[in-house]
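Asker: Quick one: the structure is below, questions incoming.
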Amino acid sequence: MKVLGISCSPRKNHATELLVKEVLGTVVAETEFISLAGMKIGACTACMECVRDNVCKVKDDMQGLRQKIVDADAYVVGAPNYYSMLNGLAHCFLERFYQFRHRDGKAVAGKLAVAVGIGGSSGAPVVDNIKTFFEYNQIECVGEISAQGAASCFTCGYGETCKAGAIHMFFGAGTKITPEIVPSLSKQPDKIELARGLGRKLTEQLKGFAAAT
Ligand SMILES: Cc1cc2nc3c(=O)[nH]c(=O)nc-3n(C[C@H](O)[C@H](O)[C@H](O)COP(=O)(O)O)c2cc1C
């Protein structure tokens, strides 16, 4: 049994990656983590060249991920909230699962997954988006988790004065950025515990999955 964890954040070592790794950390099976940061993955072009053989013909970094997706028995997919939905990289990555849908979608249908969403305020809409992609590909979502990450406004240099940014939005004008107000996963022990529980739950469900296949 193999579980593939994927962070769709363009930022390495940030909340999406860390929370996906928390889930993977308690999985008792072979695991692999992949960050899409720095990868070039374009949108589905609807060329339909994948219909006959379930292989996408678009030449980019998705090609190197395809076999890993096919070989895995379960997925932990995490993405950040951009504009109240999953970010573009995650959308492109999951759109390209279209290649697996044809001819009964055998490459991924019936596999298990966990959805992970991160947002400056909330990752909940992202979890819903990821679950929709899972449903279309007949991937069974066994659990979900959303948590708060640090918006770039905390470190961009203009956060204290920018009226459009997260600091004004969350705390109001005149707020000084101090370490205490910067969100991080370490300040959300309940989320870490939930993530670890999801890794254990995925392990249990994989046992049943193995017995049935
Ligand atoms: C382009 C952009 C749009 C964003 N829009 C939202 C948003 O609508 N809601 C929200 O809660 N956070 C939003 N954020 C904040 C990110 O979700 C937050 O920084 C999160 O921690 C990113 O995940 P990461 O830390 O793993 O990179 C946005 C960030 C960016 C870069």
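Just remember, in the structure tokens the first chain shown is A, the second B, etc., residues are 1-based per chain, and ligands are 1-based in the order shown.
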Considering only C-alpha atoms, return as JSON, numbers by chain whatever protein or nucleic-acid residues lie within 6 Å of stretch 196-210 of chain A, sequence-local ones (same chain, fewer than 4 positions apart) excluded.
Answerer: {"A": [22, 23, 24, 26, 27, 28]}
Asker: Give me the residues near stretch 108-118 of chain A as an NGL selection string, where near means some atom within 7 Å (using only C-alpha atoms) and where sequence neighbours in that chain fewer than 6 positions away do not count.
Answerer: :A and (15-16 or 20 or 70 or 73-81 or 100 or 124 or 126-127 or 130-131 or 137-149)
Asker: Could you give me, as a tab-separated table (two decimals) with N, CA and C atoms, in the first residue's frame, every polymer residue with an atom at most 9 Å away from an atom of ligand 1, counting only C-alpha atoms and all ligand atoms?
Answerer:
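Here's the written file result_25.tsv:
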chain	number	residue	atom	x	y	z
A	7	SER	N	1.47	18.61	-1.91
A	7	SER	CA	1.18	19.99	-1.55
A	7	SER	C	1.13	20.81	-2.82
A	8	CYS	N	0.01	21.46	-3.06
A	8	CYS	CA	-0.16	22.27	-4.27
A	8	CYS	C	0.19	23.74	-4.02
A	9	SER	N	0.78	24.05	-2.87
A	9	SER	CA	1.20	25.43	-2.62
A	9	SER	C	2.48	25.73	-3.39
A	10	PRO	N	2.58	26.94	-3.96
A	10	PRO	CA	3.85	27.30	-4.60
A	10	PRO	C	4.94	27.63	-3.58
A	11	ARG	N	4.56	27.62	-2.28
A	11	ARG	CA	5.54	27.91	-1.22
A	11	ARG	C	5.95	26.61	-0.53
A	12	LYS	N	7.26	26.37	-0.54
A	12	LYS	CA	7.75	25.19	0.19
A	12	LYS	C	7.81	25.50	1.68
A	13	ASN	N	7.65	24.45	2.49
A	13	ASN	CA	7.77	24.55	3.95
A	13	ASN	C	6.77	25.50	4.58
A	14	HIS	N	5.67	25.74	3.91
A	14	HIS	CA	4.61	26.54	4.50
A	14	HIS	C	3.46	25.62	4.93
A	15	ALA	N	2.36	26.24	5.36
A	15	ALA	CA	1.32	25.49	6.08
A	15	ALA	C	0.75	24.31	5.29
A	16	THR	N	0.52	24.48	3.99
A	16	THR	CA	-0.07	23.38	3.21
A	16	THR	C	0.84	22.16	3.27
A	17	GLU	N	2.10	22.41	2.98
A	17	GLU	CA	3.08	21.31	3.00
A	17	GLU	C	3.15	20.68	4.40
A	18	LEU	N	3.22	21.52	5.43
A	18	LEU	CA	3.38	21.00	6.80
A	18	LEU	C	2.17	20.17	7.22
A	19	LEU	N	0.96	20.61	6.83
A	19	LEU	CA	-0.23	19.87	7.26
A	19	LEU	C	-0.38	18.55	6.48
A	78	GLY	N	-3.28	18.59	-0.60
A	78	GLY	CA	-3.43	19.86	0.12
A	78	GLY	C	-3.26	21.04	-0.82
A	79	ALA	N	-4.06	22.09	-0.59
A	79	ALA	CA	-3.96	23.29	-1.43
A	79	ALA	C	-4.29	24.52	-0.61
A	80	PRO	N	-3.71	25.66	-0.98
A	80	PRO	CA	-4.05	26.92	-0.30
A	80	PRO	C	-5.25	27.61	-0.91
A	81	ASN	N	-5.88	28.41	-0.09
A	81	ASN	CA	-7.03	29.22	-0.49
A	81	ASN	C	-6.53	30.50	-1.17
A	82	TYR	N	-6.84	30.65	-2.44
A	82	TYR	CA	-6.58	31.90	-3.16
A	82	TYR	C	-7.94	32.41	-3.64
A	83	TYR	N	-8.33	33.56	-3.18
A	83	TYR	CA	-9.61	34.16	-3.60
A	83	TYR	C	-10.80	33.24	-3.31
A	84	SER	N	-10.77	32.66	-2.12
A	84	SER	CA	-11.88	31.80	-1.66
A	84	SER	C	-12.08	30.54	-2.49
A	85	MET	N	-11.03	30.09	-3.12
A	85	MET	CA	-11.08	28.79	-3.82
A	85	MET	C	-9.67	28.23	-3.88
A	86	LEU	N	-9.56	27.01	-4.38
A	86	LEU	CA	-8.22	26.43	-4.42
A	86	LEU	C	-7.35	27.19	-5.43
A	87	ASN	N	-6.04	27.21	-5.18
A	87	ASN	CA	-5.15	28.01	-6.03
A	87	ASN	C	-5.04	27.40	-7.43
A	117	GLY	N	-7.03	21.73	3.32
A	117	GLY	CA	-7.16	23.11	2.86
A	117	GLY	C	-6.53	24.08	3.84
A	118	ILE	N	-5.83	25.06	3.29
A	118	ILE	CA	-5.19	26.09	4.12
A	118	ILE	C	-5.61	27.45	3.63
A	119	GLY	N	-5.94	28.35	4.54
A	119	GLY	CA	-6.27	29.71	4.14
A	119	GLY	C	-5.75	30.73	5.13
A	120	GLY	N	-5.54	31.94	4.64
A	120	GLY	CA	-5.16	33.02	5.54
A	120	GLY	C	-6.23	33.21	6.60
A	121	SER	N	-7.49	33.01	6.21
A	121	SER	CA	-8.57	32.98	7.19
A	121	SER	C	-9.10	31.57	7.34
A	122	SER	N	-9.39	30.88	6.22
A	122	SER	CA	-9.93	29.52	6.31
A	122	SER	C	-9.58	28.72	5.06
A	123	GLY	N	-9.37	27.43	5.27
A	123	GLY	CA	-9.13	26.53	4.15
A	123	GLY	C	-10.37	25.75	3.75
A	124	ALA	N	-11.50	26.06	4.39
A	124	ALA	CA	-12.72	25.27	4.18
A	124	ALA	C	-13.19	25.24	2.72
A	125	PRO	N	-13.21	26.41	2.01
A	125	PRO	CA	-13.68	26.33	0.61
A	125	PRO	C	-12.81	25.43	-0.25
A	147	ALA	N	-7.08	24.44	7.95
A	147	ALA	CA	-6.38	25.18	9.00
A	147	ALA	C	-5.93	26.54	8.47
A	148	GLN	N	-5.37	27.33	9.36
A	148	GLN	CA	-4.98	28.69	9.00
A	148	GLN	C	-3.47	28.77	8.73
A	149	GLY	N	-3.13	29.37	7.61
A	149	GLY	CA	-1.73	29.65	7.30
A	149	GLY	C	-1.46	31.13	7.41
A	150	ALA	N	-0.21	31.51	7.18
A	150	ALA	CA	0.15	32.93	7.28
A	150	ALA	C	0.03	33.59	5.92
A	151	ALA	N	-0.87	34.57	5.82
A	151	ALA	CA	-0.98	35.34	4.58
A	151	ALA	C	0.35	36.07	4.35
A	152	SER	N	0.68	36.26	3.09
A	152	SER	CA	1.95	36.92	2.74
A	152	SER	C	2.04	38.33	3.31
A	153	CYS	N	0.87	38.92	3.62
A	153	CYS	CA	0.82	40.30	4.15
A	153	CYS	C	1.62	40.43	5.47
A	166	ALA	N	-4.30	41.59	4.64
A	166	ALA	CA	-4.86	40.73	5.69
A	166	ALA	C	-4.77	41.34	7.09
A	183	PRO	N	-0.12	33.79	12.15
A	183	PRO	CA	-0.64	32.41	12.25
A	183	PRO	C	0.43	31.39	11.90
A	184	SER	N	0.38	30.28	12.59
A	184	SER	CA	1.24	29.14	12.23
A	184	SER	C	0.57	27.87	12.73
Asker: Would you mind listing what lies within 8 Å of stretch 32-47 of chain A as a VMD selection string, with only C-alpha atoms counted and same-chain residues fewer than 2 positions away left out?
Answerer: chain A and resid 2 to 12 17 21 30 49 to 50 58 60 to 62 89 91 to 93 95 to 96 98
Asker: With C-alpha atoms retained, write the just-selected residues as an mmCIF file, in the first residue's frame.
Answerer:
data_model
loop_
_atom_site.group_PDB
_atom_site.id
_atom_site.type_symbol
_atom_site.label_atom_id
_atom_site.label_comp_id
_atom_site.auth_asym_id
_atom_site.auth_seq_id
_atom_site.Cartn_x
_atom_site.Cartn_y
_atom_site.Cartn_z
ATOM 1 C CA LYS A 2 1.329 3.408 -0.926
ATOM 2 C CA VAL A 3 0.085 6.872 0.028
ATOM 3 C CA LEU A 4 1.071 9.879 -2.063
ATOM 4 C CA GLY A 5 0.983 13.275 -0.347
ATOM 5 C CA ILE A 6 0.881 16.351 -2.565
ATOM 6 C CA SER A 7 1.177 19.986 -1.546
ATOM 7 C CA CYS A 8 -0.163 22.273 -4.274
ATOM 8 C CA SER A 9 1.200 25.432 -2.618
ATOM 9 C CA PRO A 10 3.850 27.304 -4.603
ATOM 10 C CA ARG A 11 5.543 27.912 -1.224
ATOM 11 C CA LYS A 12 7.754 25.194 0.192
ATOM 12 C CA GLU A 17 3.083 21.311 3.005
ATOM 13 C CA LYS A 21 3.098 15.977 6.099
ATOM 14 C CA GLU A 30 4.793 3.417 2.258
ATOM 15 C CA GLU A 49 -5.889 12.806 -26.735
ATOM 16 C CA CYS A 50 -6.124 10.916 -23.440
ATOM 17 C CA VAL A 58 0.386 17.821 -22.581
ATOM 18 C CA ASP A 60 4.916 19.526 -18.697
ATOM 19 C CA ASP A 61 5.720 18.393 -15.147
ATOM 20 C CA MET A 62 2.462 16.434 -14.833
ATOM 21 C CA LEU A 89 -1.701 25.248 -9.468
ATOM 22 C CA HIS A 91 -6.764 23.447 -10.076
ATOM 23 C CA CYS A 92 -4.465 22.642 -13.004
ATOM 24 C CA PHE A 93 -3.057 19.584 -11.221
ATOM 25 C CA GLU A 95 -7.960 19.124 -13.832
ATOM 26 C CA ARG A 96 -5.352 16.910 -15.374
ATOM 27 C CA TYR A 98 -9.281 14.095 -16.468
#
Asker: Step one, run DSSP on the backbone; step two, keep only residues of stretch 70-107 of chain A assigned to strand (DSSP E); then write them as a VMD selection string.
Answerer: chain A and resid 74 to 82 85 to 86
Asker: Identify all residues of stretch 41-188 of chain A in alpha helix (DSSP H) (DSSP on the backbone) and supply them as a ChimeraX atom specification.
Answerer: /A:62-71,88-95,124-136,166-171
Asker: Pull N, CA and C atoms from the residues just selected and write them as a compact mmCIF listing (two decimals), in the first residue's frame.
Answerer:
# COMPACT_ATOMS: atom_id res chain seq x y z
N MET A 62 3.46 17.45 -15.20
CA MET A 62 2.46 16.43 -14.83
C MET A 62 2.87 15.06 -15.37
N GLN A 63 3.61 15.06 -16.45
CA GLN A 63 4.04 13.77 -17.03
C GLN A 63 4.85 12.96 -16.04
N GLY A 64 5.72 13.64 -15.28
CA GLY A 64 6.56 12.94 -14.31
C GLY A 64 5.77 12.47 -13.09
N LEU A 65 4.61 13.06 -12.87
CA LEU A 65 3.79 12.69 -11.71
C LEU A 65 2.82 11.57 -12.03
N ARG A 66 2.53 11.38 -13.30
CA ARG A 66 1.45 10.46 -13.69
C ARG A 66 1.62 9.06 -13.11
N GLN A 67 2.79 8.47 -13.27
CA GLN A 67 2.96 7.09 -12.82
C GLN A 67 2.86 7.00 -11.30
N LYS A 68 3.33 8.03 -10.60
CA LYS A 68 3.22 8.03 -9.13
C LYS A 68 1.74 8.03 -8.70
N ILE A 69 0.93 8.78 -9.43
CA ILE A 69 -0.51 8.84 -9.13
C ILE A 69 -1.15 7.47 -9.40
N VAL A 70 -0.76 6.86 -10.50
CA VAL A 70 -1.32 5.54 -10.85
C VAL A 70 -0.88 4.49 -9.83
N ASP A 71 0.36 4.55 -9.39
CA ASP A 71 0.90 3.53 -8.48
C ASP A 71 0.36 3.66 -7.05
N GLY A 88 -4.54 28.21 -8.35
CA GLY A 88 -4.49 27.80 -9.75
C GLY A 88 -3.67 26.55 -9.99
N LEU A 89 -2.56 26.42 -9.28
CA LEU A 89 -1.70 25.25 -9.47
C LEU A 89 -2.45 23.97 -9.09
N ALA A 90 -3.19 24.04 -7.98
CA ALA A 90 -3.98 22.88 -7.55
C ALA A 90 -5.07 22.58 -8.57
N HIS A 91 -5.69 23.64 -9.09
CA HIS A 91 -6.76 23.45 -10.08
C HIS A 91 -6.22 22.76 -11.32
N CYS A 92 -5.07 23.26 -11.81
CA CYS A 92 -4.47 22.64 -13.00
C CYS A 92 -4.11 21.19 -12.73
N PHE A 93 -3.47 20.94 -11.58
CA PHE A 93 -3.06 19.58 -11.22
C PHE A 93 -4.27 18.64 -11.20
N LEU A 94 -5.33 19.08 -10.55
CA LEU A 94 -6.51 18.20 -10.41
C LEU A 94 -7.32 18.12 -11.71
N GLU A 95 -7.32 19.20 -12.50
CA GLU A 95 -7.96 19.12 -13.83
C GLU A 95 -7.34 18.03 -14.67
N ALA A 124 -11.50 26.06 4.39
CA ALA A 124 -12.72 25.27 4.18
C ALA A 124 -13.19 25.24 2.72
N PRO A 125 -13.21 26.41 2.01
CA PRO A 125 -13.68 26.33 0.61
C PRO A 125 -12.81 25.43 -0.25
N VAL A 126 -11.52 25.42 0.08
CA VAL A 126 -10.56 24.61 -0.68
C VAL A 126 -10.84 23.12 -0.50
N VAL A 127 -11.15 22.75 0.74
CA VAL A 127 -11.50 21.35 1.02
C VAL A 127 -12.69 20.94 0.16
N ASP A 128 -13.69 21.81 0.08
CA ASP A 128 -14.87 21.51 -0.75
C ASP A 128 -14.47 21.35 -2.22
N ASN A 129 -13.59 22.25 -2.70
CA ASN A 129 -13.15 22.17 -4.10
C ASN A 129 -12.43 20.85 -4.36
N ILE A 130 -11.51 20.49 -3.48
CA ILE A 130 -10.73 19.26 -3.68
C ILE A 130 -11.67 18.05 -3.68
N LYS A 131 -12.64 18.08 -2.76
CA LYS A 131 -13.58 16.94 -2.68
C LYS A 131 -14.40 16.80 -3.97
N THR A 132 -14.71 17.94 -4.59
CA THR A 132 -15.44 17.88 -5.86
C THR A 132 -14.61 17.15 -6.92
N PHE A 133 -13.32 17.51 -6.99
CA PHE A 133 -12.44 16.80 -7.95
C PHE A 133 -12.39 15.31 -7.63
N PHE A 134 -12.28 14.98 -6.34
CA PHE A 134 -12.25 13.56 -5.95
C PHE A 134 -13.51 12.85 -6.45
N GLU A 135 -14.66 13.48 -6.22
CA GLU A 135 -15.93 12.85 -6.60
C GLU A 135 -15.97 12.54 -8.09
N TYR A 136 -15.55 13.52 -8.90
CA TYR A 136 -15.58 13.30 -10.35
C TYR A 136 -14.68 12.16 -10.78
N ALA A 166 -4.30 41.59 4.64
CA ALA A 166 -4.86 40.73 5.69
C ALA A 166 -4.77 41.34 7.09
N ILE A 167 -3.75 42.16 7.34
CA ILE A 167 -3.58 42.69 8.71
C ILE A 167 -4.74 43.63 9.05
N HIS A 168 -5.03 44.53 8.08
CA HIS A 168 -6.18 45.43 8.29
C HIS A 168 -7.48 44.64 8.33
N MET A 169 -7.58 43.63 7.46
CA MET A 169 -8.81 42.85 7.36
C MET A 169 -9.08 42.08 8.66
N PHE A 170 -8.03 41.46 9.21
CA PHE A 170 -8.21 40.60 10.39
C PHE A 170 -8.21 41.40 11.70
N PHE A 171 -7.33 42.40 11.79
CA PHE A 171 -7.09 43.05 13.09
C PHE A 171 -7.44 44.54 13.12
